[in-house]
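**Student:** Contents of structure_33.txt (compact mmCIF, C-alpha atoms and all ligand atoms):
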```txt
# COMPACT_ATOMS: atom_id res chain seq x y z
CA MET N 1 -23.29 50.72 -52.73
CA ILE N 2 -23.37 53.24 -49.91
CA VAL N 3 -23.73 51.61 -46.50
CA TYR N 4 -23.70 52.78 -42.90
CA CYS N 5 -21.18 51.55 -40.36
CA ASN N 6 -20.60 52.94 -36.87
CA GLY N 7 -21.64 56.52 -37.47
CA GLU N 8 -20.48 56.90 -41.07
CA PHE N 9 -21.96 56.53 -44.54
CA MET N 10 -19.41 55.06 -46.94
CA GLU N 11 -18.81 52.78 -49.91
CA LYS N 12 -19.32 49.16 -48.85
CA SER N 13 -15.79 48.31 -49.97
CA LYS N 14 -14.42 50.82 -47.45
CA VAL N 15 -16.04 49.20 -44.39
CA VAL N 16 -13.58 47.93 -41.81
CA ILE N 17 -14.79 45.52 -39.13
CA SER N 18 -12.28 44.36 -36.55
CA PRO N 19 -11.38 40.66 -36.36
CA ASP N 20 -12.05 41.15 -32.64
CA ASP N 21 -15.67 42.00 -33.37
CA ARG N 22 -17.94 39.89 -31.17
CA GLY N 23 -20.13 39.23 -34.17
CA PHE N 24 -17.18 37.64 -35.98
CA LEU N 25 -15.89 35.77 -32.93
CA PHE N 26 -19.11 34.67 -31.22
CA ALA N 27 -22.06 35.52 -33.51
CA ASP N 28 -22.83 37.88 -30.63
CA GLY N 29 -25.41 40.14 -32.22
CA VAL N 30 -28.84 40.63 -33.69
CA TYR N 31 -30.21 41.60 -37.09
CA GLU N 32 -33.33 42.62 -38.96
CA VAL N 33 -34.42 42.50 -42.56
CA ILE N 34 -37.06 45.10 -43.46
CA ARG N 35 -38.88 45.49 -46.78
CA ALA N 36 -39.13 48.92 -48.32
CA TYR N 37 -41.83 49.68 -50.88
CA GLN N 38 -41.21 52.88 -52.83
CA GLY N 39 -38.92 54.11 -50.08
CA ARG N 40 -41.39 53.31 -47.28
CA LEU N 41 -40.25 50.81 -44.64
CA PHE N 42 -42.97 48.19 -44.16
CA LYS N 43 -43.88 47.51 -40.49
CA ARG N 44 -40.95 49.61 -39.37
CA ALA N 45 -42.11 49.95 -35.75
CA GLU N 46 -42.61 46.18 -35.41
CA HIS N 47 -39.10 45.45 -36.74
CA PHE N 48 -37.54 48.01 -34.40
CA ASP N 49 -39.52 46.67 -31.44
CA ARG N 50 -38.23 43.16 -32.19
CA LEU N 51 -34.69 44.50 -32.52
CA ALA N 52 -35.03 46.27 -29.16
CA TYR N 53 -36.30 43.02 -27.62
CA GLY N 54 -33.29 41.08 -28.95
CA LEU N 55 -30.84 43.71 -27.71
CA LYS N 56 -32.48 43.65 -24.28
CA GLU N 57 -32.42 39.85 -24.06
CA LEU N 58 -28.73 39.75 -25.09
CA ARG N 59 -27.93 42.73 -22.83
CA ILE N 60 -26.37 44.76 -25.64
CA GLY N 61 -26.66 48.44 -24.75
CA GLY N 62 -25.55 51.75 -26.19
CA VAL N 63 -27.59 51.64 -29.40
CA ASP N 64 -29.51 54.74 -30.42
CA LEU N 65 -32.46 52.93 -31.95
CA ASN N 66 -34.24 56.21 -32.68
CA SER N 67 -31.57 57.16 -35.21
CA LEU N 68 -31.79 53.96 -37.23
CA ALA N 69 -34.98 54.70 -39.17
CA ALA N 70 -33.47 57.94 -40.53
CA ILE N 71 -30.26 56.09 -41.44
CA ALA N 72 -32.30 53.44 -43.30
CA ALA N 73 -34.23 56.17 -45.13
CA ARG N 74 -31.01 57.92 -46.18
CA LEU N 75 -29.53 54.63 -47.44
CA LEU N 76 -32.59 54.11 -49.63
CA THR N 77 -32.18 57.60 -51.08
CA ASP N 78 -28.39 57.49 -51.46
CA ASN N 79 -28.60 54.17 -53.29
CA GLY N 80 -31.32 55.33 -55.68
CA LEU N 81 -33.96 53.12 -54.04
CA ALA N 82 -36.47 55.75 -52.94
CA LYS N 83 -38.87 54.66 -55.69
CA ALA N 84 -37.97 50.98 -55.77
CA ASP N 85 -38.68 47.77 -53.90
CA ALA N 86 -35.78 47.07 -51.60
CA THR N 87 -34.66 45.45 -48.38
CA VAL N 88 -32.80 47.09 -45.53
CA TYR N 89 -30.44 44.82 -43.59
CA LEU N 90 -29.45 45.95 -40.14
CA GLN N 91 -26.98 44.25 -37.82
CA ILE N 92 -25.82 45.17 -34.35
CA THR N 93 -23.12 43.28 -32.46
CA ARG N 94 -21.71 43.68 -28.95
CA GLY N 95 -18.73 45.50 -30.47
CA SER N 96 -15.07 44.77 -30.61
CA ALA N 97 -12.83 43.58 -27.76
CA PRO N 98 -10.03 40.99 -27.34
CA ARG N 99 -11.56 37.52 -27.36
CA SER N 100 -13.05 36.60 -24.01
CA HIS N 101 -16.26 34.80 -23.13
CA ARG N 102 -16.89 37.56 -20.60
CA PHE N 103 -18.69 40.65 -21.92
CA PRO N 104 -16.35 43.50 -22.96
CA PRO N 105 -15.93 46.43 -20.54
CA THR N 106 -18.97 48.63 -20.04
CA GLY N 107 -18.92 51.44 -22.57
CA THR N 108 -17.52 49.30 -25.42
CA PRO N 109 -19.47 50.68 -28.39
CA PRO N 110 -21.66 48.17 -30.25
CA THR N 111 -20.98 47.66 -33.95
CA CYS N 112 -23.87 48.96 -36.01
CA TYR N 113 -24.15 48.20 -39.73
CA LEU N 114 -26.96 48.92 -42.20
CA GLU N 115 -27.31 48.43 -45.93
CA ALA N 116 -30.11 48.79 -48.47
CA LYS N 117 -30.37 46.92 -51.75
CA PRO N 118 -32.92 46.27 -54.48
CA PHE N 119 -35.17 43.30 -53.83
CA SER N 120 -37.56 41.18 -55.89
CA PRO N 121 -39.66 38.55 -54.13
CA PRO N 122 -39.73 34.95 -55.49
CA THR N 123 -42.84 35.48 -57.63
CA ASN N 124 -42.43 32.20 -59.51
CA VAL N 125 -42.81 30.00 -56.42
CA GLN N 126 -45.47 32.33 -55.02
CA GLN N 127 -47.49 31.33 -58.09
CA THR N 128 -46.56 27.68 -58.58
CA GLY N 129 -46.00 26.68 -54.97
CA ALA N 130 -42.80 25.12 -53.66
CA ALA N 131 -41.48 21.99 -51.99
CA ALA N 132 -40.17 21.78 -48.44
CA ILE N 133 -38.50 19.14 -46.33
CA THR N 134 -38.66 18.67 -42.57
CA VAL N 135 -35.41 18.60 -40.60
CA PRO N 136 -34.66 18.04 -36.91
CA ASP N 137 -34.45 21.38 -35.09
CA GLN N 138 -30.84 21.59 -33.94
CA ARG N 139 -30.99 25.26 -32.96
CA TRP N 140 -30.56 26.68 -29.48
CA ALA N 141 -33.46 27.35 -27.12
CA ARG N 142 -33.81 31.12 -27.78
CA CYS N 143 -35.06 31.19 -31.34
CA ASP N 144 -37.34 34.06 -30.28
CA ILE N 145 -34.27 36.31 -30.52
CA LYS N 146 -33.27 37.23 -34.07
CA THR N 147 -29.57 36.58 -33.56
CA ILE N 148 -26.97 36.44 -36.30
CA ALA N 149 -26.09 32.90 -35.10
CA LEU N 150 -27.74 31.15 -38.05
CA LEU N 151 -25.54 28.12 -38.61
CA ALA N 152 -28.30 25.57 -37.97
CA ASN N 153 -30.57 27.62 -40.25
CA THR N 154 -28.04 27.72 -43.09
CA LEU N 155 -27.28 24.00 -42.76
CA ALA N 156 -31.00 23.22 -42.88
CA HIS N 157 -31.57 25.52 -45.84
CA GLN N 158 -28.63 24.03 -47.74
CA GLN N 159 -30.00 20.55 -47.05
CA ALA N 160 -33.35 21.65 -48.52
CA HIS N 161 -31.63 23.19 -51.52
CA GLU N 162 -29.65 20.00 -52.19
CA ALA N 163 -32.90 18.01 -51.94
CA GLY N 164 -34.43 20.27 -54.61
CA ALA N 165 -36.70 21.97 -52.05
CA PHE N 166 -37.29 25.67 -51.37
CA GLU N 167 -37.41 25.60 -47.58
CA ALA N 168 -36.59 23.40 -44.59
CA ILE N 169 -39.16 23.19 -41.80
CA PHE N 170 -37.73 22.63 -38.33
CA ALA N 171 -39.39 19.87 -36.30
CA ARG N 172 -38.55 19.70 -32.58
CA ASN N 173 -39.50 16.29 -31.22
CA GLY N 174 -41.93 16.01 -34.11
CA VAL N 175 -43.55 19.41 -33.48
CA LEU N 176 -43.38 21.69 -36.54
CA GLN N 177 -41.88 25.05 -35.58
CA GLU N 178 -40.88 27.34 -38.47
CA GLY N 179 -38.76 27.47 -41.58
CA SER N 180 -35.03 28.14 -41.86
CA HIS N 181 -35.83 31.76 -42.78
CA SER N 182 -39.62 31.96 -42.62
CA SER N 183 -42.66 31.31 -40.47
CA ILE N 184 -44.84 28.31 -41.36
CA LEU N 185 -48.65 28.24 -41.14
CA PHE N 186 -51.04 25.36 -41.74
CA VAL N 187 -54.63 24.99 -42.95
CA LYS N 188 -56.88 22.24 -41.68
CA ASP N 189 -60.71 22.22 -41.73
CA ASN N 190 -60.44 25.64 -43.41
CA VAL N 191 -58.79 27.09 -40.30
CA LEU N 192 -55.45 28.88 -40.60
CA ILE N 193 -53.29 27.44 -37.82
CA SER N 194 -50.19 29.13 -36.38
CA PRO N 195 -47.74 27.44 -34.04
CA PRO N 196 -47.70 29.14 -30.62
CA LEU N 197 -45.08 31.85 -30.08
CA THR N 198 -42.61 30.11 -27.77
CA ASN N 199 -38.86 30.39 -27.25
CA HIS N 200 -38.50 27.92 -30.15
CA ILE N 201 -39.68 30.28 -32.89
CA LEU N 202 -39.29 33.84 -34.02
CA ALA N 203 -42.29 36.14 -33.66
CA GLY N 204 -42.47 36.69 -37.41
CA ILE N 205 -43.78 40.08 -38.48
CA THR N 206 -45.19 38.81 -41.77
CA ARG N 207 -46.99 36.10 -39.80
CA SER N 208 -48.68 38.73 -37.67
CA VAL N 209 -49.60 40.77 -40.77
CA VAL N 210 -51.06 37.60 -42.29
CA HIS N 211 -53.14 37.09 -39.12
CA SER N 212 -54.65 40.57 -39.44
CA VAL N 213 -55.29 40.05 -43.13
CA ALA N 214 -56.93 36.66 -42.40
CA ALA N 215 -59.28 38.30 -39.90
CA ALA N 216 -60.21 40.97 -42.44
CA GLU N 217 -60.87 38.23 -45.02
CA SER N 218 -63.05 36.29 -42.53
CA ILE N 219 -60.65 33.34 -42.48
CA SER N 220 -60.84 31.46 -39.18
CA THR N 221 -57.58 31.27 -37.28
CA ALA N 222 -56.25 29.16 -34.43
CA THR N 223 -52.99 28.92 -32.52
CA ARG N 224 -51.78 25.45 -31.62
CA SER N 225 -48.85 23.10 -32.03
CA CYS N 226 -48.87 21.00 -35.19
CA HIS N 227 -47.14 17.63 -35.44
CA GLU N 228 -45.23 16.16 -38.36
CA ASP N 229 -47.70 13.23 -38.36
CA GLU N 230 -50.47 15.70 -39.25
CA LEU N 231 -48.87 16.73 -42.53
CA PRO N 232 -51.05 14.42 -44.68
CA GLU N 233 -54.15 16.02 -43.10
CA PHE N 234 -53.32 19.63 -43.96
CA GLN N 235 -55.21 21.24 -46.84
CA GLU N 236 -52.49 23.86 -47.21
CA VAL N 237 -49.09 24.78 -45.79
CA LEU N 238 -47.88 28.38 -46.09
CA MET N 239 -44.40 29.78 -45.81
CA VAL N 240 -44.46 33.46 -44.86
CA GLY N 241 -41.71 36.00 -44.22
CA THR N 242 -40.16 39.32 -45.17
CA THR N 243 -38.19 37.91 -48.12
CA VAL N 244 -40.83 35.47 -49.41
CA ASP N 245 -44.20 37.16 -48.67
CA ILE N 246 -46.48 34.10 -48.89
CA VAL N 247 -45.27 30.98 -50.67
CA PRO N 248 -47.66 28.01 -50.80
CA ILE N 249 -45.85 24.81 -49.80
CA THR N 250 -47.37 22.16 -52.03
CA VAL N 251 -45.06 19.22 -51.30
CA VAL N 252 -43.40 18.22 -48.02
CA ASN N 253 -40.86 15.39 -47.94
CA GLY N 254 -41.95 14.40 -51.45
CA ARG N 255 -45.63 14.05 -50.51
CA PRO N 256 -48.27 16.46 -51.84
CA ILE N 257 -50.09 18.79 -49.44
CA GLY N 258 -53.84 18.92 -50.15
CA GLY N 259 -54.22 18.69 -53.91
CA GLY N 260 -50.51 19.37 -54.46
CA ALA N 261 -51.26 22.87 -55.77
CA PRO N 262 -51.60 26.31 -54.12
CA GLY N 263 -54.89 26.41 -52.20
CA PRO N 264 -57.64 29.03 -51.93
CA ILE N 265 -56.54 30.40 -48.55
CA ALA N 266 -53.00 31.00 -49.83
CA ARG N 267 -54.41 32.78 -52.88
CA LYS N 268 -56.76 34.96 -50.81
CA LEU N 269 -54.01 35.93 -48.38
CA GLN N 270 -51.51 36.61 -51.16
CA SER N 271 -53.80 39.04 -52.89
CA ALA N 272 -54.78 40.76 -49.61
CA LEU N 273 -51.11 41.12 -48.61
CA HIS N 274 -50.25 42.47 -52.04
CA LYS N 275 -52.93 45.18 -51.69
CA LEU N 276 -51.52 46.13 -48.32
CA THR N 277 -47.93 46.50 -49.48
CA GLN N 278 -48.37 48.11 -52.88
CA PRO N 279 -48.95 51.84 -52.53
CA SER N 280 -52.23 52.81 -54.18
CA PRO N 281 -51.68 54.74 -57.44
CA SER N 282 -52.10 58.48 -56.87
N1 LIG T 301 -35.80 35.76 -41.79
N2 LIG T 301 -38.39 32.63 -38.76
C1 LIG T 301 -37.09 32.73 -39.05
C2 LIG T 301 -36.15 31.73 -38.47
C3 LIG T 301 -36.62 33.77 -39.87
O1 LIG T 301 -35.30 33.86 -40.11
C4 LIG T 301 -37.54 34.68 -40.42
C5 LIG T 301 -37.12 35.82 -41.31
C6 LIG T 301 -38.91 34.51 -40.13
C7 LIG T 301 -39.96 35.45 -40.65
O2 LIG T 301 -39.95 36.65 -39.94
P1 LIG T 301 -40.42 38.01 -40.61
O3 LIG T 301 -41.78 37.80 -41.14
O4 LIG T 301 -40.42 38.96 -39.49
O5 LIG T 301 -39.45 38.31 -41.68
C8 LIG T 301 -39.29 33.49 -39.28
C9 LIG T 301 -35.17 36.87 -42.44
C10 LIG T 301 -35.97 37.50 -43.51
C11 LIG T 301 -33.77 36.45 -42.88
O6 LIG T 301 -33.13 35.79 -42.08
O7 LIG T 301 -33.33 36.80 -43.96
```
If you took the structure in this file and wrote it as structure tokens, what would it be?
Ligand code: PDD

**Tutor:**
Amino acid sequence: MIVYCNGEFMEKSKVVISPDDRGFLFADGVYEVIRAYQGRLFKRAEHFDRLAYGLKELRIGGVDLNSLAAIAARLLTDNGLAKADATVYLQITRGSAPRSHRFPPTGTPPTCYLEAKPFSPPTNVQQTGAAAITVPDQRWARCDIKTIALLANTLAHQQAHEAGAFEAIFARNGVLQEGSHSSILFVKDNVLISPPLTNHILAGITRSVVHSVAAAESISTATRSCHEDELPEFQEVLMVGTTVDIVPITVVNGRPIGGGAPGPIARKLQSALHKLTQPSPS
């Protein structure tokens, strides 16, 4: 696999990252995962805007964001993915400097890494639906930044996996926020409900695509906080994100949601999203 690291394209096995890298020492960095369909980056501008926001909030400078799209495109070509479905992973850290809580000296170059690899979405659970569990949200208070500090997310996801579930849904004081690696939407009274975009959740790009698709499909939408106690009242729960598309959540904490099977709104949104992402045959 050919990857990009700090100005060079090279075999992944040749990449050298310093043990002094702030990403390694402090999880001091941000990342993005972008889907590519037939070599075309999906919602590229939105992903780069979110990356720029994260860099600004963390005060990481010196990144030439304008060059990254071309680097991603070259990685897709160089790895034979120009006609395939793939993901591009992109990570930027504050760079490498002897360990100190203080920022490194001005001018320390950030570490910039990109890779592209083939990707297949989880079509089985998209069809059958999947189980989720709720877990207490033990993350920090800036979940709006897509940082590489994902320990609470991985612990939650592992807990879900060990419980035989597909995703963990974070609940902060009983308020349902998002999944360990996805946004979560709810359906009640035939209205698609999204939790408000606060510092406690990521502004998911798939979530915003789903909103536009819902409007086009004449599905009513609302934004409001949803509480764990409401779970028995939801007709549907949807997990949405770059690496899952739309997965109906049919069971939460062992209890069925709605009829315990994927619902009509999930189905409608799935097919509308599919039309949007699959290039029309020419
Ligand atoms: N995760 N919330 C969290 C905590 C996430 O990690 C993600 C995506 C989302 C969905 O965002 P988007 O629709 O923009 O992908 C919401 C990525 C894919 C990951 O960590 O692999």

**Student:** So, counting all atoms listed in the file, which residue among N:Glu233, N:Val16, N:Val187, N:Gln158 is closest to Ala214 in chain N?

**Tutor:**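 Looking only at the distances to Ala214 in chain N, the closest residue turns out to be N:Val187.
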
**Student:** So the first atom is CA of Thr147 in chain N and the second is atom O3 of ligand LIG 301 (chain T); what is the distance between them in Å, to one decimal place?

**Tutor:**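 The value is 14.4 Å.
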
**Student:** Which residues sit within 6 Å of ligand LIG 301 (chain T), counting all atoms listed in the file, listed as a tab-separated table (two decimals) with C-alpha atoms, in the coordinates of the input?

**Tutor:**
```
chain	number	residue	atom	x	y	z
N	33	VAL	CA	-34.42	42.50	-42.56
N	178	GLU	CA	-40.88	27.34	-38.47
N	179	GLY	CA	-38.76	27.47	-41.58
N	180	SER	CA	-35.03	28.14	-41.86
N	181	HIS	CA	-35.83	31.76	-42.78
N	182	SER	CA	-39.62	31.96	-42.62
N	183	SER	CA	-42.66	31.31	-40.47
N	202	LEU	CA	-39.29	33.84	-34.02
N	204	GLY	CA	-42.47	36.69	-37.41
N	205	ILE	CA	-43.78	40.08	-38.48
N	206	THR	CA	-45.19	38.81	-41.77
N	207	ARG	CA	-46.99	36.10	-39.80
N	241	GLY	CA	-41.71	36.00	-44.22
N	242	THR	CA	-40.16	39.32	-45.17
N	243	THR	CA	-38.19	37.91	-48.12
```

**Student:** Closest to Lys56 in chain N among N:Val30, N:Val88, N:Thr123, N:Pro136, using only C-alpha atoms?

**Tutor:**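 Closest candidate: N:Val30.
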
**Student:** Which residue is closest to Asn253 in chain N? Choose from N:Leu176, N:Ala215, N:Ala131, N:Ile148 and count all atoms listed in the file.

**Tutor:** N:Ala131

**Student:** Can you pull out the residues contacting Leu185 in chain N? Cut-off 9 Å, using all atoms listed in the file, and skip same-chain residues under 5 positions away; I want them as a list of chain:residue names.

**Tutor:**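 The residues satisfying every condition are N:Glu178, N:Leu192, N:Ile193, N:Ser194, N:Pro195, N:Arg207, N:Glu236, N:Val237, N:Leu238, N:Met239, N:Val240.
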
**Student:** Quick one: of N:Ile92, N:Ile133, N:Leu114, N:Leu41, who's nearest to Arg255 in chain N, counting only C-alpha atoms?

**Tutor:**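 Among N:Ile92, N:Ile133, N:Leu114, N:Leu41, it is N:Ile133 that comes nearest to Arg255 in chain N.
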
**Student:** What does the distance from CA of Arg172 in chain N to CA of Gln138 in chain N come to in Å, to one decimal?

**Tutor:** 8.1 Å

**Student:** So which one's closest to His227 in chain N, N:Gly80, N:Gly174, N:Gly29, N:Pro98? Using only C-alpha atoms, please.

**Tutor:**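 Smallest separation from His227 in chain N among the options: N:Gly174.
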
**Student:** Which polymer residues, whether protein, DNA or RNA, lie within 8 Å of the coordinate (-44.9, 18.1, -49.0) when you count only C-alpha atoms? List them as a count of residues only, using the chain letters and numbers from the file.

**Tutor:** 14

**Student:** Restricting the calculation to all atoms listed in the file, which member of N:Ala149, N:Gly61, N:Arg40, N:Arg74 is positioned closest to Gly107 in chain N?

**Tutor:**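 Closest residue, counting all atoms listed in the file: N:Gly61.
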
**Student:** Distance CA of Gly259 in chain N-CA of His161 in chain N, one decimal place?

**Tutor:**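 For CA of Gly259 in chain N relative to CA of His161 in chain N, the distance reads 23.2 Å.
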
**Student:** List the spatial neighbours of Val15 in chain N as an NGL selection string - criterion: any atom at most 12 Å away, all atoms listed in the file, same-chain residues fewer than 3 positions off excluded.

**Tutor:** :N and (1-12 or 18 or 111-115)

**Student:** Convert the current residue selection to file output with C-alpha atoms, as a compact mmCIF listing (two decimals), keeping the file's coordinate frame.

**Tutor:**
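Output below, filename selection14.txt:
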```
# COMPACT_ATOMS: atom_id res chain seq x y z
CA MET N 1 -23.29 50.72 -52.73
CA ILE N 2 -23.37 53.24 -49.91
CA VAL N 3 -23.73 51.61 -46.50
CA TYR N 4 -23.70 52.78 -42.90
CA CYS N 5 -21.18 51.55 -40.36
CA ASN N 6 -20.60 52.94 -36.87
CA GLY N 7 -21.64 56.52 -37.47
CA GLU N 8 -20.48 56.90 -41.07
CA PHE N 9 -21.96 56.53 -44.54
CA MET N 10 -19.41 55.06 -46.94
CA GLU N 11 -18.81 52.78 -49.91
CA LYS N 12 -19.32 49.16 -48.85
CA SER N 18 -12.28 44.36 -36.55
CA THR N 111 -20.98 47.66 -33.95
CA CYS N 112 -23.87 48.96 -36.01
CA TYR N 113 -24.15 48.20 -39.73
CA LEU N 114 -26.96 48.92 -42.20
CA GLU N 115 -27.31 48.43 -45.93
```

**Student:** List the neighbours of range 65-68 of chain N out to 9 Å using only C-alpha atoms; skip same-chain residues closer than 2 positions along the sequence, and give me the result as a list in words.

**Tutor:**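 Everything that qualifies: Phe48, Leu51, Ala52, Val63, Ala70, Ile71, Ala72, Ala73, Leu90 and Leu114 of chain N.
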
**Student:** Counting all atoms listed in the file, what is within 9 Å of range 264-271 of chain N, bar same-chain residues fewer than 3 positions away, as a list of chain:residue names?

**Tutor:** N:Gln126, N:Gln127, N:Val187, N:Asn190, N:Leu192, N:Val210, N:Val213, N:Ala214, N:Glu217, N:Ile219, N:Glu236, N:Val237, N:Leu238, N:Asp245, N:Ile246, N:Val247, N:Pro248, N:His274, N:Lys275, N:Leu276

**Student:** I need every residue sitting at most 10 Å from the point (-39.0, 28.4, -24.0) (coordinates as in the file, all atoms listed in the file considered), written as a PDB file with C-alpha atoms, keeping the file's coordinate frame.

**Tutor:**
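That gives us point.pdb:
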```pdb
ATOM      1  CA  ALA N 141     -33.460  27.350 -27.120  1.00  0.00           C
ATOM      2  CA  ARG N 142     -33.810  31.120 -27.780  1.00  0.00           C
ATOM      3  CA  CYS N 143     -35.060  31.190 -31.340  1.00  0.00           C
ATOM      4  CA  ASP N 144     -37.340  34.060 -30.280  1.00  0.00           C
ATOM      5  CA  LEU N 197     -45.080  31.850 -30.080  1.00  0.00           C
ATOM      6  CA  THR N 198     -42.610  30.110 -27.770  1.00  0.00           C
ATOM      7  CA  ASN N 199     -38.860  30.390 -27.250  1.00  0.00           C
ATOM      8  CA  HIS N 200     -38.500  27.920 -30.150  1.00  0.00           C
ATOM      9  CA  ILE N 201     -39.680  30.280 -32.890  1.00  0.00           C
TER      10      ILE N 201
END
```
